[in-house]
$ cat final.cif   # mmCIF, C-alpha atoms, pLDDT in the B column; chains and numbers go by the auth columns
data_final
#
loop_
_atom_site.group_PDB
_atom_site.id
_atom_site.type_symbol
_atom_site.label_atom_id
_atom_site.label_comp_id
_atom_site.label_asym_id
_atom_site.label_seq_id
_atom_site.Cartn_x
_atom_site.Cartn_y
_atom_site.Cartn_z
_atom_site.B_iso_or_equiv
_atom_site.auth_seq_id
_atom_site.auth_asym_id
ATOM 1 C CA MET A 1 74.185 -51.899 -96.523 46.00 1 A
ATOM 2 C CA PRO A 2 70.760 -53.633 -96.048 47.00 2 A
ATOM 3 C CA ALA A 3 70.615 -56.448 -93.506 45.00 3 A
ATOM 4 C CA MET A 4 70.393 -59.920 -95.083 46.00 4 A
ATOM 5 C CA VAL A 5 67.877 -62.574 -94.083 47.00 5 A
ATOM 6 C CA GLY A 6 69.090 -64.465 -91.075 50.00 6 A
ATOM 7 C CA GLU A 7 71.292 -61.637 -89.784 49.00 7 A
ATOM 8 C CA SER A 8 71.139 -60.680 -86.131 51.00 8 A
ATOM 9 C CA ARG A 9 71.003 -57.245 -84.584 49.00 9 A
ATOM 10 C CA SER A 10 72.021 -56.054 -81.118 52.00 10 A
ATOM 11 C CA PHE A 11 70.074 -53.490 -79.173 45.00 11 A
ATOM 12 C CA ARG A 12 69.971 -52.245 -75.599 52.00 12 A
ATOM 13 C CA ARG A 13 67.181 -52.942 -73.106 49.00 13 A
ATOM 14 C CA GLY A 14 67.536 -50.855 -70.001 48.00 14 A
ATOM 15 C CA ARG A 15 70.824 -49.321 -68.900 51.00 15 A
ATOM 16 C CA ALA A 16 73.047 -52.376 -68.714 50.00 16 A
ATOM 17 C CA VAL A 17 71.497 -55.137 -70.800 47.00 17 A
ATOM 18 C CA THR A 18 72.392 -55.772 -74.438 52.00 18 A
ATOM 19 C CA VAL A 19 70.239 -58.245 -76.362 50.00 19 A
ATOM 20 C CA THR A 20 71.136 -59.943 -79.644 55.00 20 A
ATOM 21 C CA ALA A 21 68.183 -61.202 -81.691 50.00 21 A
ATOM 22 C CA PRO A 22 67.274 -62.041 -85.291 56.00 22 A
ATOM 23 C CA ASP A 23 66.726 -59.008 -87.484 52.00 23 A
ATOM 24 C CA ALA A 24 62.948 -59.543 -87.782 50.00 24 A
ATOM 25 C CA VAL A 25 62.567 -59.719 -84.010 48.00 25 A
ATOM 26 C CA ALA A 26 64.660 -56.593 -83.550 47.00 26 A
ATOM 27 C CA GLU A 27 62.440 -54.653 -85.962 51.00 27 A
ATOM 28 C CA LYS A 28 59.324 -55.696 -84.029 52.00 28 A
ATOM 29 C CA VAL A 29 60.895 -54.505 -80.785 46.00 29 A
ATOM 30 C CA ALA A 30 61.789 -51.175 -82.380 48.00 30 A
ATOM 31 C CA GLU A 31 58.208 -50.717 -83.621 52.00 31 A
ATOM 32 C CA LYS A 32 56.786 -51.418 -80.164 51.00 32 A
ATOM 33 C CA ALA A 33 59.226 -48.993 -78.585 48.00 33 A
ATOM 34 C CA ALA A 34 58.192 -46.265 -81.024 45.00 34 A
ATOM 35 C CA GLU A 35 54.517 -46.907 -80.279 49.00 35 A
ATOM 36 C CA SER A 36 55.232 -46.582 -76.567 49.00 36 A
ATOM 37 C CA VAL A 37 56.935 -43.210 -77.074 40.00 37 A
ATOM 38 C CA VAL A 38 53.980 -41.901 -79.114 41.00 38 A
ATOM 39 C CA ALA A 39 51.553 -43.059 -76.419 49.00 39 A
ATOM 40 C CA VAL A 40 53.499 -41.213 -73.728 40.00 40 A
ATOM 41 C CA VAL A 41 53.665 -38.013 -75.803 37.00 41 A
ATOM 42 C CA GLU A 42 49.941 -38.163 -76.536 46.00 42 A
ATOM 43 C CA LYS A 43 49.157 -38.615 -72.865 46.00 43 A
ATOM 44 C CA VAL A 44 51.318 -35.695 -71.775 41.00 44 A
ATOM 45 C CA VAL A 45 50.304 -33.265 -74.534 41.00 45 A
ATOM 46 C CA GLY A 46 46.661 -34.254 -74.262 48.00 46 A
ATOM 47 C CA HIS A 47 46.702 -33.555 -70.520 42.00 47 A
ATOM 48 C CA ARG A 48 48.290 -30.135 -70.976 40.00 48 A
ATOM 49 C CA GLY A 49 45.820 -29.154 -73.672 42.00 49 A
ATOM 50 C CA GLY A 50 42.799 -30.267 -71.692 42.00 50 A
ATOM 51 C CA GLY A 51 42.055 -33.124 -74.095 42.00 51 A
ATOM 52 C CA ALA A 52 41.436 -36.780 -73.336 44.00 52 A
ATOM 53 C CA GLY A 53 44.904 -37.984 -74.284 43.00 53 A
ATOM 54 C CA ARG A 54 44.397 -37.108 -77.956 44.00 54 A
ATOM 55 C CA VAL A 55 46.868 -35.348 -80.206 41.00 55 A
ATOM 56 C CA ARG A 56 45.669 -33.928 -83.497 46.00 56 A
ATOM 57 C CA ARG A 57 48.260 -32.452 -85.790 46.00 57 A
ATOM 58 C CA THR A 58 46.857 -29.279 -87.347 50.00 58 A
ATOM 59 C CA THR A 59 48.180 -28.760 -90.835 53.00 59 A
ATOM 60 C CA SER A 60 49.449 -25.401 -92.033 52.00 60 A
ATOM 61 C CA ALA A 61 46.629 -25.232 -94.597 46.00 61 A
ATOM 62 C CA GLU A 62 44.013 -25.695 -91.881 57.00 62 A
ATOM 63 C CA ARG A 63 45.513 -23.079 -89.609 61.00 63 A
ATOM 64 C CA LEU A 64 46.348 -20.434 -92.193 88.00 64 A
ATOM 65 C CA SER A 65 43.596 -20.443 -94.784 95.00 65 A
ATOM 66 C CA THR A 66 42.006 -17.096 -95.581 95.00 66 A
ATOM 67 C CA GLU A 67 38.673 -18.423 -94.315 95.00 67 A
ATOM 68 C CA ARG A 68 40.207 -19.392 -90.978 96.00 68 A
ATOM 69 C CA ILE A 69 41.848 -15.986 -90.583 97.00 69 A
ATOM 70 C CA VAL A 70 38.506 -14.258 -91.238 97.00 70 A
ATOM 71 C CA ASP A 71 36.769 -16.614 -88.780 97.00 71 A
ATOM 72 C CA VAL A 72 39.201 -15.666 -86.034 97.00 72 A
ATOM 73 C CA ALA A 73 39.008 -11.941 -86.846 98.00 73 A
ATOM 74 C CA ILE A 74 35.204 -11.906 -86.612 97.00 74 A
ATOM 75 C CA ASP A 75 35.239 -13.937 -83.412 97.00 75 A
ATOM 76 C CA GLN A 76 37.775 -11.611 -81.788 97.00 76 A
ATOM 77 C CA MET A 77 35.758 -8.545 -82.836 96.00 77 A
ATOM 78 C CA ARG A 78 32.653 -10.009 -81.234 94.00 78 A
ATOM 79 C CA LYS A 79 34.491 -10.673 -77.975 93.00 79 A
ATOM 80 C CA HIS A 80 36.884 -7.732 -77.720 92.00 80 A
ATOM 81 C CA GLY A 81 35.867 -5.073 -80.249 92.00 81 A
ATOM 82 C CA TYR A 82 37.378 -3.826 -83.478 94.00 82 A
ATOM 83 C CA ASP A 83 40.402 -2.051 -82.002 93.00 83 A
ATOM 84 C CA ALA A 84 41.577 -5.154 -80.128 94.00 84 A
ATOM 85 C CA VAL A 85 41.933 -7.166 -83.331 97.00 85 A
ATOM 86 C CA THR A 86 45.342 -7.081 -85.004 96.00 86 A
ATOM 87 C CA MET A 87 47.297 -9.351 -87.295 96.00 87 A
ATOM 88 C CA ARG A 88 49.367 -10.221 -84.237 96.00 88 A
ATOM 89 C CA SER A 89 46.335 -11.179 -82.124 97.00 89 A
ATOM 90 C CA ILE A 90 45.003 -13.356 -84.931 97.00 90 A
ATOM 91 C CA ALA A 91 48.396 -15.019 -85.435 95.00 91 A
ATOM 92 C CA ARG A 92 48.656 -15.703 -81.723 96.00 92 A
ATOM 93 C CA GLU A 93 45.301 -17.523 -81.701 95.00 93 A
ATOM 94 C CA LEU A 94 46.344 -19.524 -84.762 95.00 94 A
ATOM 95 C CA ASP A 95 49.644 -20.395 -83.077 93.00 95 A
ATOM 96 C CA THR A 96 51.809 -18.854 -85.781 94.00 96 A
ATOM 97 C CA GLY A 97 53.716 -15.663 -86.513 93.00 97 A
ATOM 98 C CA PRO A 98 52.099 -12.498 -87.968 93.00 98 A
ATOM 99 C CA ALA A 99 54.285 -12.704 -91.082 94.00 99 A
ATOM 100 C CA SER A 100 52.671 -16.040 -91.989 94.00 100 A
ATOM 101 C CA LEU A 101 49.268 -14.396 -92.346 95.00 101 A
ATOM 102 C CA TYR A 102 50.411 -12.133 -95.158 95.00 102 A
ATOM 103 C CA ALA A 103 50.581 -15.077 -97.559 94.00 103 A
ATOM 104 C CA HIS A 104 46.761 -15.101 -97.331 96.00 104 A
ATOM 105 C CA VAL A 105 45.763 -11.530 -96.428 96.00 105 A
ATOM 106 C CA ALA A 106 47.752 -8.605 -97.806 94.00 106 A
ATOM 107 C CA ASN A 107 47.103 -6.147 -94.963 94.00 107 A
ATOM 108 C CA ARG A 108 44.539 -4.935 -92.446 94.00 108 A
ATOM 109 C CA ALA A 109 42.567 -3.090 -95.125 94.00 109 A
ATOM 110 C CA GLU A 110 42.062 -6.313 -97.068 95.00 110 A
ATOM 111 C CA LEU A 111 41.149 -8.144 -93.872 96.00 111 A
ATOM 112 C CA ASP A 112 38.433 -5.557 -93.193 96.00 112 A
ATOM 113 C CA GLN A 113 37.086 -6.086 -96.719 95.00 113 A
ATOM 114 C CA LEU A 114 36.972 -9.846 -96.196 96.00 114 A
ATOM 115 C CA VAL A 115 35.300 -9.529 -92.800 97.00 115 A
ATOM 116 C CA VAL A 116 32.582 -7.212 -94.100 96.00 116 A
ATOM 117 C CA GLY A 117 32.157 -9.372 -97.200 94.00 117 A
ATOM 118 C CA ARG A 118 31.613 -12.432 -95.020 95.00 118 A
ATOM 119 C CA VAL A 119 28.989 -10.753 -92.834 96.00 119 A
ATOM 120 C CA ARG A 120 27.179 -8.907 -95.608 94.00 120 A
ATOM 121 C CA SER A 121 26.961 -12.084 -97.670 93.00 121 A
ATOM 122 C CA GLN A 122 24.252 -13.034 -95.152 94.00 122 A
ATOM 123 C CA TRP A 123 22.285 -9.864 -95.933 95.00 123 A
ATOM 124 C CA GLN A 124 18.894 -10.912 -97.254 92.00 124 A
ATOM 125 C CA ILE A 125 17.754 -8.442 -99.929 95.00 125 A
ATOM 126 C CA PRO A 126 14.497 -9.618 -101.562 95.00 126 A
ATOM 127 C CA GLU A 127 13.734 -9.858 -105.249 96.00 127 A
ATOM 128 C CA PRO A 128 12.541 -6.390 -106.298 96.00 128 A
ATOM 129 C CA ASP A 129 8.818 -5.709 -106.260 96.00 129 A
ATOM 130 C CA ALA A 130 8.107 -2.388 -107.985 96.00 130 A
ATOM 131 C CA ALA A 131 4.834 -1.990 -106.079 96.00 131 A
ATOM 132 C CA HIS A 132 6.500 -2.338 -102.677 96.00 132 A
ATOM 133 C CA TRP A 133 10.147 -1.401 -103.277 96.00 133 A
ATOM 134 C CA ASP A 134 10.140 1.273 -100.557 96.00 134 A
ATOM 135 C CA ARG A 135 8.949 -1.178 -97.905 97.00 135 A
ATOM 136 C CA GLN A 136 11.480 -3.745 -99.122 97.00 136 A
ATOM 137 C CA LEU A 137 14.262 -1.162 -98.944 97.00 137 A
ATOM 138 C CA ARG A 138 13.308 -0.133 -95.420 97.00 138 A
ATOM 139 C CA GLU A 139 13.221 -3.753 -94.229 97.00 139 A
ATOM 140 C CA SER A 140 16.560 -4.473 -95.914 97.00 140 A
ATOM 141 C CA MET A 141 18.270 -1.644 -94.041 97.00 141 A
ATOM 142 C CA ILE A 142 16.816 -2.890 -90.747 96.00 142 A
ATOM 143 C CA GLU A 143 18.130 -6.363 -91.594 97.00 143 A
ATOM 144 C CA LEU A 144 21.614 -4.931 -92.172 97.00 144 A
ATOM 145 C CA LEU A 145 21.591 -3.390 -88.694 97.00 145 A
ATOM 146 C CA ARG A 146 20.525 -6.753 -87.280 96.00 146 A
ATOM 147 C CA LEU A 147 23.578 -8.379 -88.899 97.00 147 A
ATOM 148 C CA TYR A 148 25.900 -5.755 -87.430 97.00 148 A
ATOM 149 C CA ARG A 149 24.352 -6.225 -84.010 95.00 149 A
ATOM 150 C CA ALA A 150 24.962 -9.957 -84.261 96.00 150 A
ATOM 151 C CA ASN A 151 28.616 -9.265 -85.152 96.00 151 A
ATOM 152 C CA PRO A 152 29.853 -6.404 -82.951 95.00 152 A
ATOM 153 C CA GLY A 153 32.913 -4.627 -84.292 95.00 153 A
ATOM 154 C CA VAL A 154 32.285 -5.485 -87.941 97.00 154 A
ATOM 155 C CA ALA A 155 30.493 -2.216 -88.748 97.00 155 A
ATOM 156 C CA ARG A 156 33.674 -0.337 -87.810 96.00 156 A
ATOM 157 C CA CYS A 157 35.454 -2.078 -90.704 96.00 157 A
ATOM 158 C CA THR A 158 33.224 -0.276 -93.217 94.00 158 A
ATOM 159 C CA LEU A 159 34.194 3.279 -92.248 91.00 159 A
ATOM 160 C CA GLY A 160 36.524 4.721 -94.871 88.00 160 A
ATOM 161 C CA MET A 161 36.202 1.582 -96.991 90.00 161 A
ATOM 162 C CA ILE A 162 35.691 1.478 -100.748 89.00 162 A
ATOM 163 C CA PRO A 163 33.905 -1.861 -101.323 87.00 163 A
ATOM 164 C CA LEU A 164 36.060 -4.039 -103.578 87.00 164 A
ATOM 165 C CA ASP A 165 35.475 -7.539 -102.204 88.00 165 A
ATOM 166 C CA PRO A 166 33.457 -9.662 -104.711 89.00 166 A
ATOM 167 C CA GLY A 167 30.968 -10.561 -101.982 86.00 167 A
ATOM 168 C CA LEU A 168 30.383 -6.897 -101.227 90.00 168 A
ATOM 169 C CA LEU A 169 29.930 -6.064 -104.901 92.00 169 A
ATOM 170 C CA ARG A 170 27.338 -8.814 -105.336 93.00 170 A
ATOM 171 C CA VAL A 171 25.206 -7.584 -102.448 94.00 171 A
ATOM 172 C CA THR A 172 25.561 -4.009 -103.747 94.00 172 A
ATOM 173 C CA GLU A 173 24.178 -5.138 -107.100 95.00 173 A
ATOM 174 C CA ARG A 174 21.120 -6.602 -105.357 96.00 174 A
ATOM 175 C CA LEU A 175 20.543 -3.348 -103.477 97.00 175 A
ATOM 176 C CA LEU A 176 20.877 -1.345 -106.706 97.00 176 A
ATOM 177 C CA ALA A 177 18.330 -3.600 -108.407 97.00 177 A
ATOM 178 C CA LEU A 178 15.877 -2.865 -105.602 96.00 178 A
ATOM 179 C CA LEU A 179 16.428 0.879 -105.983 97.00 179 A
ATOM 180 C CA LYS A 180 16.023 0.722 -109.762 96.00 180 A
ATOM 181 C CA ALA A 181 12.707 -1.086 -109.293 95.00 181 A
ATOM 182 C CA GLY A 182 11.511 2.060 -107.504 95.00 182 A
ATOM 183 C CA GLY A 183 12.503 4.290 -110.398 94.00 183 A
ATOM 184 C CA VAL A 184 15.462 5.812 -108.544 95.00 184 A
ATOM 185 C CA SER A 185 17.954 7.428 -110.909 95.00 185 A
ATOM 186 C CA ASP A 186 21.393 5.915 -111.343 95.00 186 A
ATOM 187 C CA GLN A 187 23.108 8.792 -109.546 95.00 187 A
ATOM 188 C CA HIS A 188 20.689 8.826 -106.624 95.00 188 A
ATOM 189 C CA ALA A 189 20.866 5.011 -106.352 96.00 189 A
ATOM 190 C CA ALA A 190 24.675 5.136 -106.188 95.00 190 A
ATOM 191 C CA TRP A 191 24.568 7.838 -103.523 95.00 191 A
ATOM 192 C CA PHE A 192 21.989 5.952 -101.479 96.00 192 A
ATOM 193 C CA VAL A 193 24.102 2.784 -101.472 95.00 193 A
ATOM 194 C CA ASP A 194 26.895 4.853 -99.943 94.00 194 A
ATOM 195 C CA VAL A 195 24.881 7.117 -97.613 95.00 195 A
ATOM 196 C CA GLY A 196 22.404 4.445 -96.517 96.00 196 A
ATOM 197 C CA SER A 197 25.106 1.894 -95.753 95.00 197 A
ATOM 198 C CA ARG A 198 27.112 4.426 -93.771 95.00 198 A
ATOM 199 C CA TYR A 199 24.061 5.504 -91.795 97.00 199 A
ATOM 200 C CA VAL A 200 23.414 1.908 -90.720 97.00 200 A
ATOM 201 C CA ALA A 201 27.087 1.352 -89.943 97.00 201 A
ATOM 202 C CA SER A 202 27.346 4.531 -87.864 96.00 202 A
ATOM 203 C CA VAL A 203 24.377 3.478 -85.734 96.00 203 A
ATOM 204 C CA ALA A 204 25.953 0.031 -85.256 95.00 204 A
ATOM 205 C CA VAL A 205 29.336 1.530 -84.296 95.00 205 A
ATOM 206 C CA GLU A 206 27.656 3.788 -81.739 92.00 206 A
ATOM 207 C CA GLU A 207 25.843 0.796 -80.251 92.00 207 A
ATOM 208 C CA ASP A 208 29.147 -1.092 -80.059 91.00 208 A
ATOM 209 C CA ILE A 209 30.573 1.802 -78.033 90.00 209 A
ATOM 210 C CA TRP A 210 27.565 1.631 -75.691 87.00 210 A
ATOM 211 C CA LEU A 211 28.212 -2.061 -75.196 82.00 211 A
ATOM 212 C CA GLU A 212 31.882 -1.536 -74.413 80.00 212 A
ATOM 213 C CA ARG A 213 31.228 1.263 -71.946 82.00 213 A
ATOM 214 C CA ALA A 214 28.023 0.234 -70.230 75.00 214 A
ATOM 215 C CA GLN A 215 27.738 -3.476 -71.020 65.00 215 A
ATOM 216 C CA HIS A 216 24.297 -2.962 -72.529 65.00 216 A
ATOM 217 C CA ARG A 217 22.724 -1.609 -75.705 62.00 217 A
ATOM 218 C CA ASP A 218 20.137 1.156 -75.397 65.00 218 A
ATOM 219 C CA ASN A 219 17.034 0.557 -77.491 69.00 219 A
ATOM 220 C CA GLY A 220 17.461 2.958 -80.376 83.00 220 A
ATOM 221 C CA ASP A 221 15.153 1.157 -82.793 91.00 221 A
ATOM 222 C CA GLU A 222 12.656 4.001 -83.101 92.00 222 A
ATOM 223 C CA ARG A 223 15.364 6.574 -83.736 93.00 223 A
ATOM 224 C CA PHE A 224 17.001 4.296 -86.304 95.00 224 A
ATOM 225 C CA ALA A 225 13.677 3.676 -88.071 95.00 225 A
ATOM 226 C CA PHE A 226 13.089 7.446 -88.187 96.00 226 A
ATOM 227 C CA GLY A 227 16.390 7.915 -90.007 96.00 227 A
ATOM 228 C CA ILE A 228 15.575 5.149 -92.497 97.00 228 A
ATOM 229 C CA ASP A 229 12.155 6.692 -93.159 96.00 229 A
ATOM 230 C CA LEU A 230 13.847 10.034 -93.923 95.00 230 A
ATOM 231 C CA LEU A 231 16.239 8.386 -96.382 95.00 231 A
ATOM 232 C CA VAL A 232 13.619 6.301 -98.158 95.00 232 A
ATOM 233 C CA GLY A 233 11.061 9.139 -98.161 94.00 233 A
ATOM 234 C CA GLY A 234 13.674 11.452 -99.618 93.00 234 A
ATOM 235 C CA LEU A 235 14.391 9.019 -102.438 92.00 235 A
ATOM 236 C CA LYS A 236 10.697 8.753 -103.245 90.00 236 A
ATOM 237 C CA SER A 237 10.301 12.530 -103.429 90.00 237 A
ATOM 238 C CA LEU A 238 13.371 12.886 -105.640 87.00 238 A
ATOM 239 C CA GLY A 239 11.950 10.357 -108.042 72.00 239 A
ATOM 240 C CA ASP A 240 8.560 12.073 -108.258 55.00 240 A
ATOM 241 C CA PRO A 241 8.567 14.843 -110.926 47.00 241 A
ATOM 242 C CA THR A 242 5.522 16.466 -109.309 44.00 242 A
ATOM 243 C CA ALA A 243 7.194 16.771 -105.887 41.00 243 A
#
$ encode --input "final.cif" --output "structure tokens"
Amino acid sequence: MPAMVGESRSFRRGRAVTVTAPDAVAEKVAEKAAESVVAVVEKVVGHRGGGAGRVRRTTSAERLSTERIVDVAIDQMRKHGYDAVTMRSIARELDTGPASLYAHVANRAELDQLVVGRVRSQWQIPEPDAAHWDRQLRESMIELLRLYRANPGVARCTLGMIPLDPGLLRVTERLLALLKAGGVSDQHAAWFVDVGSRYVASVAVEEDIWLERAQHRDNGDERFAFGIDLLVGGLKSLGDPTA
């Protein structure tokens, strides 16, 4: 039953002292006591976490969004390599259980799609120029290797993958438009998207292995460029009826 105006309330102060005071005063004391408890908790938790006495409650949505899961996966791949990244390692960093991640990412295969989609969304493929499509294609493939080098471990996600992520499909459409500007047939364009992408990824995966084993990346730029020249030159010859 609610307390009426003018009622008094008893509460304890210390171990052996009981104080009786008007209801309004008692409520003020209770509020101050609660504030004191919060201050103590913030001080203790902040100290343990390395903060300056601050406590920030992270909501479930912040911790378990698909974007956050992909962020952590890419970061862990950069630091520890593809094989070290698991749903369990991601969950541990997000301070949750692995089962919680599956509400946002169906499985490891989908996670790989999302990771590659995130990185390849940064792939700059120029507007097609029919007069210079071969140079544009060559530079685009070099740019893709640069992205993989900046994100070690991500290239490994592409091996055995059938691109289904919307971000991956969009960048594939831009690459196909560049190939069509050079008069490449539909079949040859489709094959190049697959073969060319896998060539770049295989070089990146090999470089990741060098990094893990020797802590440095050998300069294979000339060898890589030679392979790209073979691929692009082959496309040009296939498209030339006099070749």
$ atom_distance --input "final.cif" --atom1 "atom CA of A:Thr172" --atom2 "atom CA of A:Tyr148"
16.4 Å
$ residues_near_point --input "final.cif" --point "(21.5, 6.6, -106.8)" --cutoff "12 Å" --atoms "only C-alpha atoms" --output "PyMOL selection string"
chain A and resi 172+175-196+231-232+234-236+238-239
$ resolve_selection --input "final.cif" --expression "the PyMOL selection byres ((chain A and resi 164) around 12)" --output "PyMOL selection string"
chain A and resi 109-114+116-117+158+161-163+165-172
$ closest_residue --input "final.cif" --among "A:Met141, A:Arg156, A:Ser121, A:Leu230" --to "A:Val200" --atoms "all atoms listed in the file"
A:Met141
$ resolve_selection --input "final.cif" --expression "the PyMOL selection byres ((chain A and resi 123) around 10)" --output "MDAnalysis selection string"
chainID A and resid 117:122 124:126 140:141 143:147 171
$ axis_aligned_box --input "final.cif" --around "stretch 188-193 of chain A" --padding-each-side "3 Å" --output "lines of an AutoDock Vina configuration file"
center_x = 22.7
center_y = 5.8
center_z = -104.0
size_x = 10.0
size_y = 12.0
size_z = 11.2
$ residues_near_point --input "final.cif" --point "(49.1, -12.6, -86.8)" --cutoff "12 Å" --atoms "all atoms listed in the file" --output "count of residues only"
32
$ closest_residue --input "final.cif" --among "A:Glu67, A:Glu173, A:Asp129, A:Glu207" --to "A:Arg149" --atoms "all atoms listed in the file"
A:Glu207
$ atom_distance --input "final.cif" --atom1 "atom CA of A:Ala150" --atom2 "atom CA of A:Val205"
12.3 Å
$ atom_distance --input "final.cif" --atom1 "atom CA of A:Tyr82" --atom2 "atom CA of A:Ala204"
12.2 Å
$ resolve_selection --input "final.cif" --expression "the PyMOL selection byres ((chain A and resi 76-79) around 6)" --output "PyMOL selection string"
chain A and resi 73-75+80-82+151-153
$ closest_residue --input "final.cif" --among "A:Ala84, A:Ala131, A:Ala155, A:Val115" --to "A:Asp71" --atoms "all atoms listed in the file"
A:Val115
$ decode --input "final.cif" --residues "stretch 149-189 of chain A" --atoms "C-alpha atoms" --output "mmCIF file, in the first residue's frame"
data_model
loop_
_atom_site.group_PDB
_atom_site.id
_atom_site.type_symbol
_atom_site.label_atom_id
_atom_site.label_comp_id
_atom_site.auth_asym_id
_atom_site.auth_seq_id
_atom_site.Cartn_x
_atom_site.Cartn_y
_atom_site.Cartn_z
ATOM 1 C CA ARG A 149 48.057 -7.131 -48.639
ATOM 2 C CA ALA A 150 46.439 -4.514 -46.427
ATOM 3 C CA ASN A 151 44.146 -7.208 -44.975
ATOM 4 C CA PRO A 152 46.213 -10.371 -44.453
ATOM 5 C CA GLY A 153 44.162 -13.542 -44.203
ATOM 6 C CA VAL A 154 41.207 -12.244 -46.212
ATOM 7 C CA ALA A 155 42.388 -13.714 -49.528
ATOM 8 C CA ARG A 156 42.184 -17.186 -47.968
ATOM 9 C CA CYS A 157 38.421 -16.685 -47.555
ATOM 10 C CA THR A 158 37.972 -16.612 -51.341
ATOM 11 C CA LEU A 159 39.363 -20.088 -52.049
ATOM 12 C CA GLY A 160 36.511 -22.469 -52.811
ATOM 13 C CA MET A 161 33.983 -19.640 -52.560
ATOM 14 C CA ILE A 162 31.109 -19.006 -54.953
ATOM 15 C CA PRO A 163 30.501 -15.236 -54.653
ATOM 16 C CA LEU A 164 26.953 -14.655 -53.410
ATOM 17 C CA ASP A 165 27.318 -11.608 -51.162
ATOM 18 C CA PRO A 166 25.597 -8.541 -52.742
ATOM 19 C CA GLY A 167 28.777 -6.503 -52.307
ATOM 20 C CA LEU A 168 30.777 -9.115 -54.182
ATOM 21 C CA LEU A 169 28.223 -9.266 -56.984
ATOM 22 C CA ARG A 170 28.296 -5.489 -57.427
ATOM 23 C CA VAL A 171 32.071 -5.371 -57.798
ATOM 24 C CA THR A 172 31.899 -8.344 -60.189
ATOM 25 C CA GLU A 173 29.473 -6.396 -62.367
ATOM 26 C CA ARG A 174 31.947 -3.502 -62.553
ATOM 27 C CA LEU A 175 34.746 -5.865 -63.572
ATOM 28 C CA LEU A 176 32.528 -7.451 -66.239
ATOM 29 C CA ALA A 177 31.686 -4.013 -67.629
ATOM 30 C CA LEU A 178 35.399 -3.302 -67.990
ATOM 31 C CA LEU A 179 35.939 -6.587 -69.828
ATOM 32 C CA LYS A 180 32.980 -5.973 -72.136
ATOM 33 C CA ALA A 181 34.429 -2.568 -73.026
ATOM 34 C CA GLY A 182 37.420 -4.466 -74.431
ATOM 35 C CA GLY A 183 35.226 -6.651 -76.611
ATOM 36 C CA VAL A 184 35.776 -9.764 -74.487
ATOM 37 C CA SER A 185 33.109 -12.398 -75.092
ATOM 38 C CA ASP A 186 30.636 -13.237 -72.355
ATOM 39 C CA GLN A 187 32.146 -16.676 -71.767
ATOM 40 C CA HIS A 188 35.729 -15.435 -71.670
ATOM 41 C CA ALA A 189 34.726 -12.524 -69.394
#
